[in-house]
Amino acid sequence: MIRLTSEPIDHAALTEMVRRPACGALVTFLGTVRDLTDGRQTVALDYEAHASMAEKKLAEIEQQTRERWPVGEMAMVHRLGYLEVGEVSVAVAVSCPHRAEAFEACRFAIERLKEFVPIWKRENWADGSTEWVHRKQKREPCE
């Protein structure tokens, strides 16, 4: 399951959604808005996305993850809009038969999401200024 949402992410429900009887391990990653970035106080973040492209990339990441690990079920949800300190901005949950597989699959999924999904973040600083954060865009290798 993949989703972009402007609503708060229910990470407990997400975790329950990926539980499977054949899977003895379930790993959930939560990315939250922190209050300090590079020594500057953050009060909030704004997230925007190219929705159709982002959903396409999320689906590709889900497929790649399932091809590499014995995933029972997985979910990736990213929040869009204005988020205050402490709010969950992204959640990835993966179940697999064993813990090593679940950890590896979850880490792979969140790293790929951060690298390739067209979601942009603007920092809202305590001094009233804002700044779009530009991550280094990576190009996927030709397949």
# chains A, B, ... in the order shown; residues from 1 in each chain; ligands from 1
$ residues_around --residues "stretch 107-116 of chain A" --least-positions-apart "5" --cutoff "10 Å" --atoms "only C-alpha atoms" --output "PyMOL selection string"
chain A and resi 27-31+54+57-58+60-66+68+74-76+78+90-94+101-102+135-140
$ write_last_selection --atoms "N, CA, C and O atoms" --output "short mmCIF file (atom, residue, chain, number, x, y, z; two decimals), in the first residue's frame"
data_model
loop_
_atom_site.label_atom_id
_atom_site.label_comp_id
_atom_site.auth_asym_id
_atom_site.auth_seq_id
_atom_site.Cartn_x
_atom_site.Cartn_y
_atom_site.Cartn_z
N VAL A 27 8.97 -4.37 10.81
CA VAL A 27 9.76 -3.17 11.10
C VAL A 27 8.99 -1.96 10.59
O VAL A 27 8.51 -1.95 9.46
N THR A 28 8.88 -0.96 11.45
CA THR A 28 8.23 0.29 11.08
C THR A 28 9.22 1.42 11.27
O THR A 28 9.83 1.55 12.34
N PHE A 29 9.39 2.24 10.23
CA PHE A 29 10.21 3.44 10.31
C PHE A 29 9.28 4.64 10.30
O PHE A 29 8.38 4.73 9.48
N LEU A 30 9.52 5.57 11.23
CA LEU A 30 8.77 6.82 11.27
C LEU A 30 9.75 7.98 11.15
O LEU A 30 10.70 8.07 11.92
N GLY A 31 9.51 8.85 10.20
CA GLY A 31 10.26 10.09 10.09
C GLY A 31 9.40 11.18 10.69
O GLY A 31 8.22 11.32 10.37
N ALA A 54 5.10 10.97 -7.82
CA ALA A 54 5.48 10.42 -6.51
C ALA A 54 4.85 9.05 -6.29
O ALA A 54 5.51 8.11 -5.84
N LYS A 57 6.65 6.47 -8.40
CA LYS A 57 7.94 6.10 -7.81
C LYS A 57 7.75 5.22 -6.57
O LYS A 57 8.49 4.26 -6.35
N LEU A 58 6.77 5.54 -5.75
CA LEU A 58 6.50 4.72 -4.57
C LEU A 58 6.12 3.30 -4.98
O LEU A 58 6.58 2.33 -4.37
N GLU A 60 7.07 1.77 -7.69
CA GLU A 60 8.31 1.14 -8.17
C GLU A 60 9.16 0.67 -7.00
O GLU A 60 9.72 -0.44 -7.03
N ILE A 61 9.25 1.48 -5.96
CA ILE A 61 10.04 1.10 -4.77
C ILE A 61 9.41 -0.11 -4.10
O ILE A 61 10.12 -1.03 -3.68
N GLU A 62 8.10 -0.13 -4.00
CA GLU A 62 7.43 -1.30 -3.42
C GLU A 62 7.75 -2.55 -4.23
O GLU A 62 8.10 -3.60 -3.66
N GLN A 63 7.67 -2.46 -5.54
CA GLN A 63 7.97 -3.61 -6.40
C GLN A 63 9.43 -4.05 -6.24
O GLN A 63 9.71 -5.25 -6.11
N GLN A 64 10.36 -3.11 -6.23
CA GLN A 64 11.78 -3.43 -6.08
C GLN A 64 12.04 -4.11 -4.73
O GLN A 64 12.82 -5.06 -4.64
N THR A 65 11.38 -3.62 -3.69
CA THR A 65 11.55 -4.20 -2.36
C THR A 65 11.03 -5.63 -2.33
O THR A 65 11.70 -6.54 -1.82
N ARG A 66 9.87 -5.85 -2.91
CA ARG A 66 9.29 -7.19 -2.95
C ARG A 66 10.13 -8.16 -3.79
O ARG A 66 10.16 -9.36 -3.49
N ARG A 68 13.40 -8.13 -3.93
CA ARG A 68 14.66 -8.40 -3.23
C ARG A 68 14.50 -9.17 -1.92
O ARG A 68 15.43 -9.85 -1.49
N MET A 74 3.73 -4.63 2.90
CA MET A 74 4.42 -3.38 3.19
C MET A 74 3.52 -2.19 2.91
O MET A 74 2.57 -2.31 2.14
N ALA A 75 3.85 -1.08 3.55
CA ALA A 75 3.11 0.16 3.35
C ALA A 75 4.08 1.33 3.43
O ALA A 75 5.03 1.30 4.22
N MET A 76 3.85 2.32 2.57
CA MET A 76 4.63 3.56 2.59
C MET A 76 3.65 4.72 2.48
O MET A 76 2.86 4.78 1.54
N HIS A 78 3.43 9.05 2.92
CA HIS A 78 4.13 10.33 3.12
C HIS A 78 3.09 11.41 3.29
O HIS A 78 2.13 11.49 2.54
N VAL A 90 6.62 10.76 7.46
CA VAL A 90 6.70 9.58 6.59
C VAL A 90 6.71 8.32 7.44
O VAL A 90 7.28 8.31 8.54
N ALA A 91 6.07 7.27 6.92
CA ALA A 91 6.06 5.99 7.60
C ALA A 91 6.24 4.87 6.58
O ALA A 91 5.63 4.90 5.51
N VAL A 92 7.11 3.93 6.93
CA VAL A 92 7.31 2.73 6.12
C VAL A 92 7.21 1.55 7.05
O VAL A 92 7.87 1.51 8.09
N ALA A 93 6.38 0.59 6.71
CA ALA A 93 6.22 -0.62 7.51
C ALA A 93 6.36 -1.83 6.60
O ALA A 93 5.78 -1.86 5.51
N VAL A 94 7.16 -2.80 7.06
CA VAL A 94 7.43 -3.99 6.25
C VAL A 94 7.40 -5.22 7.15
O VAL A 94 8.02 -5.23 8.22
N GLU A 101 15.72 -9.64 7.31
CA GLU A 101 15.05 -9.31 6.04
C GLU A 101 14.15 -8.08 6.21
O GLU A 101 14.13 -7.19 5.36
N ALA A 102 13.42 -8.04 7.31
CA ALA A 102 12.50 -6.93 7.55
C ALA A 102 13.26 -5.62 7.72
O ALA A 102 12.87 -4.59 7.15
N ARG A 135 17.70 18.35 -1.79
CA ARG A 135 18.57 17.18 -1.66
C ARG A 135 19.24 16.95 -3.00
O ARG A 135 18.75 17.39 -4.04
N LYS A 136 20.32 16.25 -2.98
CA LYS A 136 20.98 15.91 -4.23
C LYS A 136 20.14 14.90 -4.97
O LYS A 136 19.85 13.83 -4.46
N GLN A 137 19.70 15.28 -6.15
CA GLN A 137 18.89 14.38 -6.96
C GLN A 137 19.78 13.30 -7.55
O GLN A 137 20.84 13.58 -8.08
N LYS A 138 19.35 12.08 -7.43
CA LYS A 138 20.08 10.98 -8.02
C LYS A 138 19.29 10.45 -9.19
O LYS A 138 18.07 10.41 -9.16
N ARG A 139 20.00 10.04 -10.17
CA ARG A 139 19.34 9.42 -11.32
C ARG A 139 19.42 7.92 -11.14
O ARG A 139 20.43 7.39 -10.74
N GLU A 140 18.33 7.29 -11.46
CA GLU A 140 18.31 5.84 -11.38
C GLU A 140 19.14 5.27 -12.52
O GLU A 140 19.15 5.81 -13.63
#
$ select_by_dssp --residues "stretch 66-116 of chain A" --states "strand (DSSP E)" --output "list of chain:residue names"
A:Glu73, A:Met74, A:Ala75, A:Met76, A:Val77, A:His78, A:Arg79, A:Gly81, A:Tyr82, A:Leu83, A:Glu84, A:Val88, A:Ser89, A:Val90, A:Ala91, A:Val92, A:Ala93, A:Val94, A:Ser95, A:Cys96
$ write_last_selection --atoms "all heavy atoms" --output "compact mmCIF listing (two decimals), in the first residue's frame"
# COMPACT_ATOMS: atom_id res chain seq x y z
N GLU A 73 3.96 -8.14 3.63
CA GLU A 73 3.19 -6.95 3.26
C GLU A 73 4.02 -5.73 3.59
O GLU A 73 4.93 -5.78 4.41
CB GLU A 73 1.86 -6.91 4.02
CG GLU A 73 0.89 -5.86 3.51
CD GLU A 73 0.60 -5.99 2.02
OE1 GLU A 73 -0.13 -6.92 1.64
OE2 GLU A 73 1.13 -5.16 1.24
N MET A 74 3.73 -4.63 2.90
CA MET A 74 4.42 -3.38 3.19
C MET A 74 3.52 -2.19 2.91
O MET A 74 2.57 -2.31 2.14
CB MET A 74 5.74 -3.26 2.44
CG MET A 74 5.65 -3.07 0.96
SD MET A 74 7.29 -2.97 0.18
CE MET A 74 7.90 -1.39 0.78
N ALA A 75 3.85 -1.08 3.55
CA ALA A 75 3.11 0.16 3.35
C ALA A 75 4.08 1.33 3.43
O ALA A 75 5.03 1.30 4.22
CB ALA A 75 2.04 0.30 4.42
N MET A 76 3.85 2.32 2.57
CA MET A 76 4.63 3.56 2.59
C MET A 76 3.65 4.72 2.48
O MET A 76 2.86 4.78 1.54
CB MET A 76 5.61 3.61 1.41
CG MET A 76 6.72 2.59 1.50
SD MET A 76 7.91 2.76 0.15
CE MET A 76 6.93 2.17 -1.22
N VAL A 77 3.71 5.61 3.46
CA VAL A 77 2.82 6.77 3.48
C VAL A 77 3.65 8.02 3.73
O VAL A 77 4.50 8.03 4.63
CB VAL A 77 1.74 6.65 4.59
CG1 VAL A 77 0.84 7.86 4.60
CG2 VAL A 77 0.94 5.38 4.42
N HIS A 78 3.43 9.05 2.92
CA HIS A 78 4.13 10.33 3.12
C HIS A 78 3.09 11.41 3.29
O HIS A 78 2.13 11.49 2.54
CB HIS A 78 5.05 10.67 1.95
CG HIS A 78 6.16 11.59 2.36
ND1 HIS A 78 5.94 12.88 2.78
CD2 HIS A 78 7.50 11.40 2.41
CE1 HIS A 78 7.10 13.44 3.08
NE2 HIS A 78 8.06 12.56 2.87
N ARG A 79 3.30 12.24 4.28
CA ARG A 79 2.40 13.35 4.57
C ARG A 79 2.78 14.56 3.73
O ARG A 79 3.96 14.82 3.50
CB ARG A 79 2.49 13.66 6.06
CG ARG A 79 1.59 14.76 6.52
CD ARG A 79 0.53 14.28 7.47
NE ARG A 79 -0.27 15.43 7.88
CZ ARG A 79 -0.21 15.97 9.08
NH1 ARG A 79 0.58 15.48 10.01
NH2 ARG A 79 -0.95 17.01 9.36
N GLY A 81 1.82 18.90 3.10
CA GLY A 81 1.25 20.06 3.75
C GLY A 81 2.13 20.56 4.88
O GLY A 81 3.34 20.29 4.92
N TYR A 82 1.52 21.30 5.79
CA TYR A 82 2.21 21.95 6.91
C TYR A 82 2.26 21.02 8.11
O TYR A 82 1.21 20.57 8.58
CB TYR A 82 1.45 23.23 7.27
CG TYR A 82 2.07 24.05 8.35
CD1 TYR A 82 3.08 24.96 8.07
CD2 TYR A 82 1.63 23.93 9.66
CE1 TYR A 82 3.63 25.74 9.08
CE2 TYR A 82 2.17 24.71 10.68
CZ TYR A 82 3.17 25.61 10.38
OH TYR A 82 3.72 26.38 11.37
N LEU A 83 3.46 20.71 8.58
CA LEU A 83 3.64 19.81 9.73
C LEU A 83 4.46 20.50 10.81
O LEU A 83 5.50 21.09 10.53
CB LEU A 83 4.37 18.53 9.31
CG LEU A 83 3.57 17.46 8.60
CD1 LEU A 83 3.27 17.86 7.18
CD2 LEU A 83 4.34 16.16 8.62
N GLU A 84 3.99 20.40 12.03
CA GLU A 84 4.70 20.99 13.16
C GLU A 84 5.68 20.00 13.76
O GLU A 84 5.63 18.79 13.48
CB GLU A 84 3.68 21.46 14.20
CG GLU A 84 2.81 22.59 13.66
CD GLU A 84 1.81 23.11 14.68
OE1 GLU A 84 1.60 22.47 15.73
OE2 GLU A 84 1.23 24.18 14.40
N VAL A 88 4.54 13.12 12.46
CA VAL A 88 5.09 12.10 11.58
C VAL A 88 4.93 12.55 10.13
O VAL A 88 3.82 12.82 9.69
CB VAL A 88 4.40 10.73 11.79
CG1 VAL A 88 4.92 9.70 10.81
CG2 VAL A 88 4.60 10.25 13.22
N SER A 89 6.06 12.62 9.41
CA SER A 89 6.02 13.03 8.00
C SER A 89 6.02 11.85 7.05
O SER A 89 5.48 11.95 5.95
CB SER A 89 7.19 13.95 7.69
OG SER A 89 8.42 13.30 7.95
N VAL A 90 6.62 10.76 7.46
CA VAL A 90 6.70 9.58 6.59
C VAL A 90 6.71 8.32 7.44
O VAL A 90 7.28 8.31 8.54
CB VAL A 90 7.94 9.63 5.67
CG1 VAL A 90 9.24 9.64 6.46
CG2 VAL A 90 7.93 8.52 4.63
N ALA A 91 6.07 7.27 6.92
CA ALA A 91 6.06 5.99 7.60
C ALA A 91 6.24 4.87 6.58
O ALA A 91 5.63 4.90 5.51
CB ALA A 91 4.76 5.77 8.37
N VAL A 92 7.11 3.93 6.93
CA VAL A 92 7.31 2.73 6.12
C VAL A 92 7.21 1.55 7.05
O VAL A 92 7.87 1.51 8.09
CB VAL A 92 8.70 2.73 5.42
CG1 VAL A 92 8.91 1.44 4.65
CG2 VAL A 92 8.86 3.94 4.51
N ALA A 93 6.38 0.59 6.71
CA ALA A 93 6.22 -0.62 7.51
C ALA A 93 6.36 -1.83 6.60
O ALA A 93 5.78 -1.86 5.51
CB ALA A 93 4.86 -0.64 8.20
N VAL A 94 7.16 -2.80 7.06
CA VAL A 94 7.43 -3.99 6.25
C VAL A 94 7.40 -5.22 7.15
O VAL A 94 8.02 -5.23 8.22
CB VAL A 94 8.82 -3.91 5.58
CG1 VAL A 94 9.10 -5.15 4.75
CG2 VAL A 94 8.96 -2.65 4.73
N SER A 95 6.70 -6.27 6.70
CA SER A 95 6.76 -7.55 7.41
C SER A 95 7.45 -8.57 6.52
O SER A 95 7.28 -8.57 5.30
CB SER A 95 5.35 -8.03 7.78
OG SER A 95 4.56 -8.23 6.63
N CYS A 96 8.26 -9.40 7.17
CA CYS A 96 9.00 -10.48 6.50
C CYS A 96 9.06 -11.67 7.46
O CYS A 96 8.85 -11.51 8.67
CB CYS A 96 10.43 -10.04 6.17
SG CYS A 96 10.60 -8.83 4.86
$ closest_residue --among "A:Asp35, A:Tyr47, A:Arg20, A:Trp69" --to "A:Trp132" --atoms "only C-alpha atoms"
A:Tyr47
$ residues_around --residues "A:Ser129" --least-positions-apart "4" --cutoff "12 Å" --atoms "only C-alpha atoms" --output "number ranges by chain"
A: 40-45, 122-125
$ atom_distance --atom1 "atom CA of A:Arg19" --atom2 "atom CA of A:Ala51"
27.3 Å
$ select_by_dssp --residues "chain A" --states "helix (DSSP H, G or I)" --output "PyMOL selection string"
chain A and resi 11-17+51-68+99-116
$ closest_residue --among "A:Met17, A:Cys23, A:Leu80, A:Ala126" --to "A:Met1" --atoms "only C-alpha atoms"
A:Met17
$ closest_residue --among "A:Leu36, A:Ile119, A:Ile9, A:Cys106" --to "A:Glu87" --atoms "only C-alpha atoms"
A:Ile9
$ atom_distance --atom1 "atom CA of A:Val18" --atom2 "atom CA of A:Val71"
9.6 Å
$ decode --residues "stretch 95-128 of chain A" --atoms "N, CA, C and O atoms" --output "mmCIF file, in the first residue's frame"
data_model
loop_
_atom_site.group_PDB
_atom_site.id
_atom_site.type_symbol
_atom_site.label_atom_id
_atom_site.label_comp_id
_atom_site.auth_asym_id
_atom_site.auth_seq_id
_atom_site.Cartn_x
_atom_site.Cartn_y
_atom_site.Cartn_z
ATOM 1 N N SER A 95 6.705 -6.265 6.698
ATOM 2 C CA SER A 95 6.761 -7.546 7.405
ATOM 3 C C SER A 95 7.450 -8.568 6.521
ATOM 4 O O SER A 95 7.283 -8.571 5.300
ATOM 5 N N CYS A 96 8.260 -9.403 7.168
ATOM 6 C CA CYS A 96 8.997 -10.482 6.501
ATOM 7 C C CYS A 96 9.063 -11.671 7.459
ATOM 8 O O CYS A 96 8.845 -11.508 8.666
ATOM 9 N N PRO A 97 9.434 -12.839 6.947
ATOM 10 C CA PRO A 97 9.546 -13.992 7.833
ATOM 11 C C PRO A 97 10.564 -13.804 8.962
ATOM 12 O O PRO A 97 10.343 -14.282 10.073
ATOM 13 N N HIS A 98 11.668 -13.086 8.701
ATOM 14 C CA HIS A 98 12.741 -12.949 9.694
ATOM 15 C C HIS A 98 13.171 -11.495 9.855
ATOM 16 O O HIS A 98 13.027 -10.689 8.936
ATOM 17 N N ARG A 99 13.748 -11.159 11.015
ATOM 18 C CA ARG A 99 14.068 -9.771 11.341
ATOM 19 C C ARG A 99 15.104 -9.144 10.425
ATOM 20 O O ARG A 99 14.961 -7.982 10.045
ATOM 21 N N ALA A 100 16.154 -9.858 10.060
ATOM 22 C CA ALA A 100 17.184 -9.268 9.197
ATOM 23 C C ALA A 100 16.573 -8.821 7.875
ATOM 24 O O ALA A 100 16.859 -7.712 7.390
ATOM 25 N N GLU A 101 15.718 -9.644 7.308
ATOM 26 C CA GLU A 101 15.054 -9.307 6.042
ATOM 27 C C GLU A 101 14.154 -8.080 6.212
ATOM 28 O O GLU A 101 14.129 -7.190 5.355
ATOM 29 N N ALA A 102 13.419 -8.042 7.314
ATOM 30 C CA ALA A 102 12.499 -6.931 7.549
ATOM 31 C C ALA A 102 13.256 -5.620 7.718
ATOM 32 O O ALA A 102 12.874 -4.593 7.148
ATOM 33 N N PHE A 103 14.355 -5.645 8.485
ATOM 34 C CA PHE A 103 15.166 -4.433 8.658
ATOM 35 C C PHE A 103 15.756 -3.978 7.329
ATOM 36 O O PHE A 103 15.705 -2.797 6.990
ATOM 37 N N GLU A 104 16.323 -4.911 6.587
ATOM 38 C CA GLU A 104 16.941 -4.562 5.300
ATOM 39 C C GLU A 104 15.916 -4.006 4.320
ATOM 40 O O GLU A 104 16.173 -3.006 3.638
ATOM 41 N N ALA A 105 14.767 -4.646 4.233
ATOM 42 C CA ALA A 105 13.729 -4.202 3.305
ATOM 43 C C ALA A 105 13.202 -2.821 3.676
ATOM 44 O O ALA A 105 13.023 -1.960 2.803
ATOM 45 N N CYS A 106 12.985 -2.581 4.952
ATOM 46 C CA CYS A 106 12.477 -1.288 5.397
ATOM 47 C C CYS A 106 13.505 -0.191 5.130
ATOM 48 O O CYS A 106 13.158 0.883 4.623
ATOM 49 N N ARG A 107 14.760 -0.473 5.444
ATOM 50 C CA ARG A 107 15.806 0.533 5.196
ATOM 51 C C ARG A 107 15.932 0.826 3.702
ATOM 52 O O ARG A 107 16.050 1.983 3.299
ATOM 53 N N PHE A 108 15.904 -0.197 2.882
ATOM 54 C CA PHE A 108 15.971 -0.014 1.433
ATOM 55 C C PHE A 108 14.830 0.886 0.964
ATOM 56 O O PHE A 108 15.038 1.843 0.214
ATOM 57 N N ALA A 109 13.619 0.609 1.428
ATOM 58 C CA ALA A 109 12.441 1.358 0.982
ATOM 59 C C ALA A 109 12.528 2.836 1.381
ATOM 60 O O ALA A 109 12.278 3.717 0.554
ATOM 61 N N ILE A 110 12.901 3.138 2.622
ATOM 62 C CA ILE A 110 12.955 4.545 3.034
ATOM 63 C C ILE A 110 14.105 5.268 2.345
ATOM 64 O O ILE A 110 13.963 6.431 1.953
ATOM 65 N N GLU A 111 15.235 4.607 2.159
ATOM 66 C CA GLU A 111 16.360 5.258 1.475
ATOM 67 C C GLU A 111 16.004 5.567 0.030
ATOM 68 O O GLU A 111 16.307 6.655 -0.471
ATOM 69 N N ARG A 112 15.365 4.641 -0.658
ATOM 70 C CA ARG A 112 14.951 4.871 -2.045
ATOM 71 C C ARG A 112 13.898 5.981 -2.106
ATOM 72 O O ARG A 112 13.935 6.824 -2.997
ATOM 73 N N LEU A 113 12.968 5.976 -1.165
ATOM 74 C CA LEU A 113 11.953 7.019 -1.117
ATOM 75 C C LEU A 113 12.616 8.388 -1.009
ATOM 76 O O LEU A 113 12.297 9.306 -1.776
ATOM 77 N N LYS A 114 13.558 8.538 -0.086
ATOM 78 C CA LYS A 114 14.222 9.829 0.109
ATOM 79 C C LYS A 114 15.041 10.239 -1.116
ATOM 80 O O LYS A 114 15.193 11.418 -1.387
ATOM 81 N N GLU A 115 15.583 9.273 -1.844
ATOM 82 C CA GLU A 115 16.427 9.575 -2.991
ATOM 83 C C GLU A 115 15.645 9.903 -4.254
ATOM 84 O O GLU A 115 16.046 10.773 -5.021
ATOM 85 N N PHE A 116 14.557 9.190 -4.512
ATOM 86 C CA PHE A 116 13.948 9.225 -5.832
ATOM 87 C C PHE A 116 12.518 9.748 -5.928
ATOM 88 O O PHE A 116 12.042 10.019 -7.024
ATOM 89 N N VAL A 117 11.817 9.855 -4.831
ATOM 90 C CA VAL A 117 10.421 10.279 -4.907
ATOM 91 C C VAL A 117 10.341 11.809 -4.906
ATOM 92 O O VAL A 117 10.924 12.458 -4.037
ATOM 93 N N PRO A 118 9.633 12.394 -5.892
ATOM 94 C CA PRO A 118 9.574 13.855 -5.999
ATOM 95 C C PRO A 118 8.670 14.498 -4.950
ATOM 96 O O PRO A 118 7.522 14.861 -5.204
ATOM 97 N N ILE A 119 9.232 14.581 -3.726
ATOM 98 C CA ILE A 119 8.585 15.256 -2.607
ATOM 99 C C ILE A 119 9.581 16.294 -2.117
ATOM 100 O O ILE A 119 10.756 15.982 -1.901
ATOM 101 N N TRP A 120 9.102 17.533 -1.944
ATOM 102 C CA TRP A 120 9.979 18.635 -1.562
ATOM 103 C C TRP A 120 9.603 19.172 -0.200
ATOM 104 O O TRP A 120 8.434 19.176 0.186
ATOM 105 N N LYS A 121 10.639 19.654 0.506
ATOM 106 C CA LYS A 121 10.466 20.088 1.887
ATOM 107 C C LYS A 121 10.937 21.532 2.040
ATOM 108 O O LYS A 121 12.005 21.898 1.567
ATOM 109 N N ARG A 122 10.119 22.327 2.738
ATOM 110 C CA ARG A 122 10.512 23.697 3.076
ATOM 111 C C ARG A 122 10.601 23.818 4.590
ATOM 112 O O ARG A 122 9.654 23.491 5.308
ATOM 113 N N GLU A 123 11.758 24.290 5.049
ATOM 114 C CA GLU A 123 11.964 24.539 6.477
ATOM 115 C C GLU A 123 11.337 25.878 6.839
ATOM 116 O O GLU A 123 11.503 26.863 6.120
ATOM 117 N N ASN A 124 10.632 25.919 7.946
ATOM 118 C CA ASN A 124 10.106 27.154 8.519
ATOM 119 C C ASN A 124 10.894 27.393 9.802
ATOM 120 O O ASN A 124 10.744 26.649 10.770
ATOM 121 N N TRP A 125 11.741 28.407 9.782
ATOM 122 C CA TRP A 125 12.657 28.664 10.893
ATOM 123 C C TRP A 125 11.999 29.539 11.967
ATOM 124 O O TRP A 125 11.062 30.289 11.697
ATOM 125 N N ALA A 126 12.539 29.476 13.171
ATOM 126 C CA ALA A 126 12.017 30.241 14.305
ATOM 127 C C ALA A 126 12.115 31.747 14.079
ATOM 128 O O ALA A 126 11.310 32.506 14.622
ATOM 129 N N ASP A 127 13.065 32.181 13.261
ATOM 130 C CA ASP A 127 13.214 33.622 13.010
ATOM 131 C C ASP A 127 12.238 34.147 11.957
ATOM 132 O O ASP A 127 12.277 35.307 11.567
ATOM 133 N N GLY A 128 11.337 33.279 11.467
ATOM 134 C CA GLY A 128 10.345 33.684 10.487
ATOM 135 C C GLY A 128 10.751 33.445 9.041
ATOM 136 O O GLY A 128 9.927 33.561 8.138
#
